[in-house]
>>> print(open('work_29.txt').read())   # compact mmCIF, C-alpha atoms
# COMPACT_ATOMS: atom_id res chain seq x y z
CA MET A 404 -26.19 23.84 11.80
CA THR A 405 -22.56 23.17 10.84
CA ARG A 406 -21.64 19.50 10.94
CA THR A 407 -18.14 18.04 11.29
CA ILE A 408 -17.35 15.23 8.86
CA ALA A 409 -14.17 13.23 8.22
CA VAL A 410 -13.50 12.15 4.64
CA SER A 411 -10.64 9.87 3.61
CA GLY A 412 -9.25 10.18 0.11
CA SER A 413 -10.18 13.85 0.21
CA ALA A 414 -7.43 15.09 -2.11
CA SER A 415 -8.74 13.59 -5.35
CA GLY A 416 -11.56 11.81 -7.16
CA ILE A 417 -14.79 11.06 -5.31
CA GLY A 418 -13.33 12.15 -1.96
CA LYS A 419 -12.44 15.59 -3.29
CA ALA A 420 -15.81 16.01 -4.97
CA LEU A 421 -17.53 15.11 -1.70
CA THR A 422 -15.27 17.38 0.34
CA ASP A 423 -16.00 20.33 -1.96
CA LEU A 424 -19.73 19.60 -1.87
CA LEU A 425 -19.91 19.37 1.91
CA ARG A 426 -17.86 22.51 2.44
CA GLY A 427 -20.05 24.31 -0.08
CA GLN A 428 -23.10 23.55 2.05
CA GLY A 429 -21.40 24.82 5.19
CA ASP A 430 -20.01 21.67 6.79
CA GLU A 431 -16.56 21.42 8.34
CA VAL A 432 -14.59 18.66 6.62
CA ILE A 433 -11.49 17.00 8.04
CA GLY A 434 -9.74 15.47 5.06
CA VAL A 435 -7.47 12.44 5.33
CA ASP A 436 -5.06 11.63 2.52
CA LEU A 437 -1.43 10.99 1.64
CA ALA A 438 -0.94 14.72 0.96
CA GLU A 439 -2.89 17.98 0.67
CA ALA A 440 -5.22 17.13 3.54
CA GLU A 441 -5.88 18.27 7.09
CA VAL A 442 -4.63 14.90 8.31
CA VAL A 443 -1.80 13.37 6.29
CA ALA A 444 -1.70 9.62 6.83
CA ASP A 445 -1.15 6.37 4.95
CA LEU A 446 -4.11 4.01 5.47
CA SER A 447 -2.16 1.04 4.12
CA THR A 448 -0.27 0.69 7.43
CA GLU A 449 -1.28 0.25 11.05
CA GLU A 450 0.81 3.28 12.01
CA GLY A 451 -0.83 5.41 9.34
CA ARG A 452 -4.31 4.35 10.40
CA ALA A 453 -3.57 5.21 14.02
CA ARG A 454 -2.22 8.59 12.88
CA ALA A 455 -5.36 9.20 10.84
CA VAL A 456 -7.69 8.43 13.74
CA GLU A 457 -5.63 10.47 16.21
CA GLY A 458 -5.44 13.43 13.83
CA VAL A 459 -9.19 13.46 13.15
CA LEU A 460 -10.05 13.16 16.83
CA GLU A 461 -7.72 16.03 17.68
CA ARG A 462 -9.21 18.32 15.04
CA SER A 463 -12.81 17.36 15.79
CA GLY A 464 -12.58 17.62 19.54
CA GLY A 465 -13.69 14.01 19.86
CA THR A 466 -17.14 14.32 18.26
CA LEU A 467 -18.02 13.68 14.62
CA ASP A 468 -21.32 14.01 12.78
CA GLY A 469 -20.12 11.91 9.88
CA VAL A 470 -17.33 9.75 8.48
CA VAL A 471 -16.93 8.74 4.84
CA ALA A 472 -14.27 6.24 3.77
CA CYS A 473 -13.49 7.16 0.16
CA ALA A 474 -9.78 6.32 -0.02
CA GLY A 475 -9.00 3.35 -2.22
CA LEU A 476 -6.78 1.72 -4.82
CA SER A 477 -7.75 -0.21 -7.94
CA GLY A 478 -4.46 -1.69 -9.12
CA PRO A 479 -3.61 -5.43 -9.18
CA LEU A 480 -1.50 -5.00 -6.05
CA THR A 481 -1.56 -6.47 -2.56
CA LEU A 482 -1.69 -2.88 -1.27
CA THR A 483 -5.21 -2.67 -2.68
CA VAL A 484 -6.39 -5.05 0.05
CA ASN A 485 -4.53 -3.13 2.77
CA VAL A 486 -6.13 0.18 1.83
CA ASN A 487 -9.57 -0.77 0.53
CA PHE A 488 -10.53 -3.10 3.34
CA PHE A 489 -8.27 -2.83 6.36
CA GLY A 490 -7.67 0.91 5.98
CA ALA A 491 -11.37 1.68 5.62
CA VAL A 492 -12.44 -0.58 8.49
CA ALA A 493 -9.75 0.74 10.85
CA LEU A 494 -10.77 4.33 10.15
CA LEU A 495 -14.47 3.65 10.69
CA GLU A 496 -13.94 1.56 13.82
CA GLY A 497 -11.42 4.02 15.22
CA LEU A 498 -13.80 6.94 14.77
CA ARG A 499 -16.97 5.13 15.81
CA PRO A 500 -16.84 6.39 19.44
CA ALA A 501 -16.63 9.97 18.13
CA LEU A 502 -19.69 9.33 15.97
CA ALA A 503 -21.59 7.89 18.94
CA ARG A 504 -21.17 11.22 20.74
CA ALA A 505 -23.01 13.13 18.01
CA GLU A 506 -26.76 13.75 17.98
CA ARG A 507 -27.42 12.28 14.51
CA PRO A 508 -24.29 10.42 13.40
CA ARG A 509 -23.88 8.98 9.91
CA ALA A 510 -21.16 6.94 8.19
CA ALA A 511 -20.61 5.69 4.67
CA VAL A 512 -18.08 3.85 2.54
CA VAL A 513 -17.38 3.75 -1.17
CA GLY A 514 -17.91 0.22 -2.42
CA SER A 515 -18.00 -0.84 -6.07
CA ILE A 516 -20.02 -2.76 -8.64
CA SER A 517 -16.84 -4.85 -8.83
CA GLY A 518 -17.81 -6.33 -5.48
CA THR A 519 -20.40 -8.44 -7.32
CA GLN A 520 -17.76 -9.98 -9.59
CA PRO A 521 -15.57 -13.10 -9.01
CA VAL A 522 -13.28 -12.84 -5.99
CA ASP A 523 -10.46 -14.75 -4.35
CA GLU A 524 -12.18 -16.60 -1.51
CA ILE A 525 -9.09 -16.85 0.69
CA VAL A 526 -8.47 -13.10 0.49
CA LEU A 527 -12.15 -12.42 1.13
CA ARG A 528 -12.38 -14.71 4.16
CA SER A 529 -9.12 -13.46 5.62
CA CYS A 530 -10.44 -9.90 5.43
CA LEU A 531 -13.72 -10.82 7.10
CA ASN A 532 -11.80 -12.65 9.82
CA GLY A 533 -9.80 -9.47 10.43
CA ASP A 534 -6.56 -11.30 9.67
CA GLU A 535 -4.50 -8.82 7.65
CA GLU A 536 -1.38 -10.99 7.69
CA ALA A 537 -3.25 -13.90 6.11
CA ALA A 538 -4.98 -11.59 3.63
CA VAL A 539 -1.65 -10.13 2.53
CA GLU A 540 -0.10 -13.57 2.19
CA ALA A 541 -3.02 -14.74 0.06
CA ALA A 542 -2.98 -11.55 -1.99
CA ASP A 543 0.74 -11.92 -2.69
CA GLU A 544 0.06 -15.42 -4.00
CA VAL A 545 -2.77 -14.13 -6.19
CA VAL A 546 -0.46 -11.50 -7.68
CA ASP A 547 2.29 -14.07 -8.27
CA LYS A 548 -0.19 -16.22 -10.20
CA GLY A 549 -1.11 -13.30 -12.45
CA ARG A 550 -4.61 -12.90 -10.98
CA GLY A 551 -4.04 -9.55 -9.32
CA ARG A 552 -7.14 -8.08 -10.96
CA THR A 553 -9.29 -10.11 -8.54
CA LEU A 554 -7.96 -8.18 -5.55
CA TYR A 555 -10.04 -5.06 -6.16
CA PRO A 556 -13.37 -6.94 -6.28
CA SER A 557 -12.23 -9.11 -3.37
CA SER A 558 -11.52 -6.07 -1.22
CA LYS A 559 -14.79 -4.36 -2.14
CA ALA A 560 -16.86 -7.52 -1.62
CA ALA A 561 -15.28 -7.97 1.80
CA LEU A 562 -16.01 -4.34 2.68
CA ALA A 563 -19.67 -4.70 1.68
CA GLN A 564 -20.09 -7.88 3.71
CA TRP A 565 -18.37 -6.37 6.73
CA LEU A 566 -20.66 -3.35 6.49
CA ARG A 567 -23.83 -5.43 6.30
CA ARG A 568 -22.70 -7.47 9.30
CA VAL A 569 -21.80 -4.60 11.62
CA ALA A 570 -24.25 -1.91 10.51
CA VAL A 571 -27.13 -3.54 12.39
CA SER A 572 -25.08 -4.35 15.48
CA PRO A 573 -25.42 -2.68 18.90
CA ALA A 574 -22.14 -0.81 18.26
CA TRP A 575 -23.51 0.90 15.16
CA ALA A 576 -27.30 0.85 14.78
CA GLY A 577 -27.63 0.46 18.53
CA GLU A 578 -25.77 3.75 18.98
CA GLY A 579 -27.91 5.49 16.36
CA ILE A 580 -25.15 5.47 13.72
CA ALA A 581 -26.43 4.88 10.19
CA LEU A 582 -23.75 2.99 8.23
CA ASN A 583 -24.22 2.39 4.48
CA ALA A 584 -22.34 2.25 1.18
CA ILE A 585 -22.49 3.67 -2.29
CA ALA A 586 -21.28 1.21 -4.93
CA PRO A 587 -20.41 3.10 -8.13
CA GLY A 588 -20.07 1.71 -11.61
CA VAL A 589 -17.40 3.28 -13.81
CA VAL A 590 -16.50 6.75 -12.54
CA LEU A 591 -14.37 9.33 -14.32
CA THR A 592 -11.57 9.90 -11.80
CA PRO A 593 -7.75 9.97 -11.84
CA MET A 594 -7.81 6.37 -10.53
CA SER A 595 -9.74 5.14 -13.58
CA ALA A 596 -7.92 7.30 -16.13
CA PRO A 597 -5.45 4.56 -17.21
CA LEU A 598 -8.38 2.32 -18.17
CA PHE A 599 -9.76 4.93 -20.55
CA ALA A 600 -6.34 5.45 -22.11
CA ASP A 601 -6.13 1.78 -23.13
CA GLU A 602 -8.71 0.94 -25.83
CA LYS A 603 -8.51 -2.79 -25.08
CA MET A 604 -9.07 -2.24 -21.35
CA ARG A 605 -11.91 0.18 -22.05
CA LYS A 606 -13.70 -2.49 -24.11
CA ILE A 607 -13.22 -5.05 -21.35
CA MET A 608 -14.49 -2.53 -18.79
CA ASP A 609 -17.60 -1.74 -20.84
CA GLU A 610 -18.42 -5.44 -21.13
CA ALA A 611 -17.84 -6.03 -17.42
CA VAL A 612 -19.81 -2.95 -16.30
CA PRO A 613 -22.61 -2.15 -18.78
CA MET A 614 -24.20 1.20 -17.88
CA PRO A 615 -27.40 1.72 -19.92
CA LEU A 616 -28.47 4.82 -17.98
CA ASN A 617 -26.31 7.83 -18.92
CA GLY A 618 -23.03 5.91 -19.21
CA TYR A 619 -19.96 6.74 -17.13
CA ALA A 620 -20.51 8.86 -14.02
CA ASP A 621 -18.67 11.96 -12.89
CA ALA A 622 -17.28 11.96 -9.35
CA GLN A 623 -19.88 14.61 -8.47
CA VAL A 624 -22.69 12.09 -9.05
CA ILE A 625 -21.27 9.72 -6.44
CA ALA A 626 -20.53 12.60 -4.07
CA GLU A 627 -24.18 13.70 -4.18
CA ALA A 628 -25.31 10.19 -3.24
CA LEU A 629 -22.80 9.97 -0.39
CA ALA A 630 -23.84 13.39 0.88
CA TRP A 631 -27.44 12.20 1.21
CA LEU A 632 -26.39 8.96 2.92
CA ILE A 633 -24.64 10.91 5.68
CA SER A 634 -27.31 13.62 5.93
CA PRO A 635 -29.70 13.87 8.90
CA ALA A 636 -32.50 13.05 6.43
CA ASN A 637 -31.26 9.46 6.25
CA SER A 638 -32.65 8.30 9.56
CA HIS A 639 -33.54 4.64 8.92
CA MET A 640 -31.26 3.17 6.25
CA ALA A 641 -28.71 0.72 7.67
CA GLY A 642 -26.41 -1.85 6.08
CA GLN A 643 -27.41 -0.98 2.52
CA VAL A 644 -25.17 -1.08 -0.55
CA ILE A 645 -26.65 1.39 -3.02
CA TYR A 646 -25.57 0.86 -6.63
CA VAL A 647 -25.07 4.19 -8.40
CA ASP A 648 -23.94 2.48 -11.57
CA GLY A 649 -26.15 3.42 -14.50
CA GLY A 650 -28.03 0.14 -14.12
CA ALA A 651 -25.01 -2.17 -14.31
CA GLU A 652 -25.89 -4.26 -11.25
CA ALA A 653 -29.44 -4.86 -12.50
CA VAL A 654 -28.13 -5.88 -15.94
CA LEU A 655 -25.48 -8.21 -14.55
CA ARG A 656 -27.43 -9.91 -11.75
CA GLY A 657 -30.93 -9.74 -13.19
CA SER A 658 -34.31 -9.11 -11.64
CA GLU A 659 -34.15 -12.05 -9.21
CA VAL A 660 -31.57 -10.34 -7.00
CA PHE A 661 -33.01 -7.39 -5.08
>>> encode(input="work_29.txt", output="structure tokens")
Amino acid sequence: MTRTIAVSGSASGIGKALTDLLRGQGDEVIGVDLAEAEVVADLSTEEGRARAVEGVLERSGGTLDGVVACAGLSGPLTLTVNVNFFGAVALLEGLRPALARAERPRAAVVGSISGTQPVDEIVLRSCLNGDEEAAVEAADEVVDKGRGRTLYPSSKAALAQWLRRVAVSPAWAGEGIALNAIAPGVVLTPMSAPLFADEKMRKIMDEAVPMPLNGYADAQVIAEALAWLISPANSHMAGQVIYVDGGAEAVLRGSEVF
């Protein structure tokens, strides 16, 4: 049976790999991205998020079998918080009623191993409080102080905590919607390309994210994991952050965290 699935960030990286995979198995995919997508929208703004939700609902007829929030930024910019947290949450919340109308609805987000690393607590708490204005103000201050690199882990940590909070709620689990996350380690995508081009940054990255099992991952590896998370076969997993990271999380946090 053909399923209808919305994927943000569908034009490149993990989102494109997932879109190609799903279409290859016969699913209808409604891509959302800044360009080269069925729905062109900017998830960094409230207007763009509304446009994304409206466009997906129009193309899907109001019912969705799956939603995957792949769109994201990794730079030391305030915009990273707007897109990675508020953009992803707005898309998922906006499309949740369409998921609830499906027989076996599934949703997933792309987290990150970086979510386990040090964060800015004010940015994190502002995100979890749903206060984008306060989050942006705090993020601007972080950037001004030269600590912009903490915004990516802050946004991904907030996303993971939001997911674990709502996934088991009446609005999600109570409606039969399985909501989970894949948290990759280092993935070979256009977004990470600048890190590989800088030998110093690559060394820092390898120390921060040690991957003893098979090293860096291709986008296809993460896409395969996401595809299973949103498949009908995943009937009972809720609120889980699955680390597809070559063992990095186990190395960094040890055996006591499980």
>>> atom_distance(input="work_29.txt", atom1="CA of Gly416 in chain A", atom2="CA of Glu602 in chain A")
21.8 Å
>>> atom_distance(input="work_29.txt", atom1="CA of Lys603 in chain A", atom2="CA of Val654 in chain A")
21.9 Å
>>> residues_around(input="work_29.txt", residues="Leu531 in chain A", least_positions_apart="6", cutoff="10 Å", atoms="only C-alpha atoms", output="short mmCIF file (atom, residue, chain, number, x, y, z; two decimals) with C-alpha atoms, in the coordinates of the input")
data_model
loop_
_atom_site.label_atom_id
_atom_site.label_comp_id
_atom_site.auth_asym_id
_atom_site.auth_seq_id
_atom_site.Cartn_x
_atom_site.Cartn_y
_atom_site.Cartn_z
CA PHE A 488 -10.53 -3.10 3.34
CA PHE A 489 -8.27 -2.83 6.36
CA ILE A 525 -9.09 -16.85 0.69
CA ALA A 538 -4.98 -11.59 3.63
CA SER A 558 -11.52 -6.07 -1.22
CA ALA A 560 -16.86 -7.52 -1.62
CA ALA A 561 -15.28 -7.97 1.80
CA LEU A 562 -16.01 -4.34 2.68
CA GLN A 564 -20.09 -7.88 3.71
CA TRP A 565 -18.37 -6.37 6.73
CA ARG A 568 -22.70 -7.47 9.30
#
>>> closest_residue(input="work_29.txt", among="A:Gly649, A:Gly490, A:Gly579, A:Gly618", to="Cys530 in chain A", atoms="only C-alpha atoms")
A:Gly490
>>> residues_around(input="work_29.txt", residues="Leu632 in chain A", least_positions_apart="4", cutoff="8 Å", atoms="all atoms listed in the file", output="MDAnalysis selection string")
chainID A and resid 509:511 583 628 637
>>> residues_around(input="work_29.txt", residues="range 461-473 of chain A", least_positions_apart="5", cutoff="6 Å", atoms="all atoms listed in the file", output="list in words")
Arg406, Thr407, Ile408, Ala409, Val410, Ser411, Gly412, Gly418, Ala491, Ala501, Leu502, Arg504, Ala505, Pro508, Arg509, Ala510, Ala511, Val512 and Val513 of chain A
>>> write_last_selection(input="work_29.txt", atoms="C-alpha atoms", output="short mmCIF file (atom, residue, chain, number, x, y, z; two decimals), in the coordinates of the input")
data_model
loop_
_atom_site.label_atom_id
_atom_site.label_comp_id
_atom_site.auth_asym_id
_atom_site.auth_seq_id
_atom_site.Cartn_x
_atom_site.Cartn_y
_atom_site.Cartn_z
CA ARG A 406 -21.64 19.50 10.94
CA THR A 407 -18.14 18.04 11.29
CA ILE A 408 -17.35 15.23 8.86
CA ALA A 409 -14.17 13.23 8.22
CA VAL A 410 -13.50 12.15 4.64
CA SER A 411 -10.64 9.87 3.61
CA GLY A 412 -9.25 10.18 0.11
CA GLY A 418 -13.33 12.15 -1.96
CA ALA A 491 -11.37 1.68 5.62
CA ALA A 501 -16.63 9.97 18.13
CA LEU A 502 -19.69 9.33 15.97
CA ARG A 504 -21.17 11.22 20.74
CA ALA A 505 -23.01 13.13 18.01
CA PRO A 508 -24.29 10.42 13.40
CA ARG A 509 -23.88 8.98 9.91
CA ALA A 510 -21.16 6.94 8.19
CA ALA A 511 -20.61 5.69 4.67
CA VAL A 512 -18.08 3.85 2.54
CA VAL A 513 -17.38 3.75 -1.17
#
>>> closest_residue(input="work_29.txt", among="A:Asp430, A:Glu659, A:Gly478, A:Val486", to="Ala596 in chain A", atoms="only C-alpha atoms")
A:Gly478
>>> atom_distance(input="work_29.txt", atom1="CA of Leu527 in chain A", atom2="CA of Leu598 in chain A")
24.6 Å
>>> residues_around(input="work_29.txt", residues="Asp648 in chain A", least_positions_apart="3", cutoff="6 Å", atoms="all atoms listed in the file", output="ChimeraX atom specification")
/A:587-588,651
>>> residues_near_point(input="work_29.txt", point="(-5.0, 16.9, 8.9)", cutoff="8 Å", atoms="only C-alpha atoms", output="list of chain:residue names")
A:Ile433, A:Gly434, A:Val435, A:Ala440, A:Glu441, A:Val442, A:Val443, A:Ala455, A:Gly458, A:Val459, A:Arg462
>>> residues_around(input="work_29.txt", residues="Ser447 in chain A", least_positions_apart="5", cutoff="12 Å", atoms="all atoms listed in the file", output="list in words")
Asp436, Leu437, Arg452, Ala453, Arg454, Ala455, Ala474, Gly475, Leu476, Leu480, Thr481, Leu482, Thr483, Val484, Asn485, Val486, Asn487, Phe488, Phe489, Gly490, Ala491, Val492, Ala493, Leu494, Glu535 and Val539 of chain A
>>> closest_residue(input="work_29.txt", among="A:Asp609, A:Asp523, A:Asp423, A:Asp547", to="Lys559 in chain A", atoms="all atoms listed in the file")
A:Asp523
>>> closest_residue(input="work_29.txt", among="A:Gly650, A:Gly451, A:Gly429, A:Gly642", to="Ile580 in chain A", atoms="only C-alpha atoms")
A:Gly642
>>> residues_near_point(input="work_29.txt", point="(-5.0, -14.6, -7.1)", cutoff="10 Å", atoms="only C-alpha atoms", output="PyMOL selection string")
chain A and resi 479+481+522-526+541-554+557
>>> closest_residue(input="work_29.txt", among="A:Ala622, A:Ile516, A:Ala438, A:Arg507", to="Ala636 in chain A", atoms="only C-alpha atoms")
A:Arg507
>>> closest_residue(input="work_29.txt", among="A:Asp534, A:Lys419, A:Pro635, A:Pro556", to="Ser517 in chain A", atoms="all atoms listed in the file")
A:Pro556
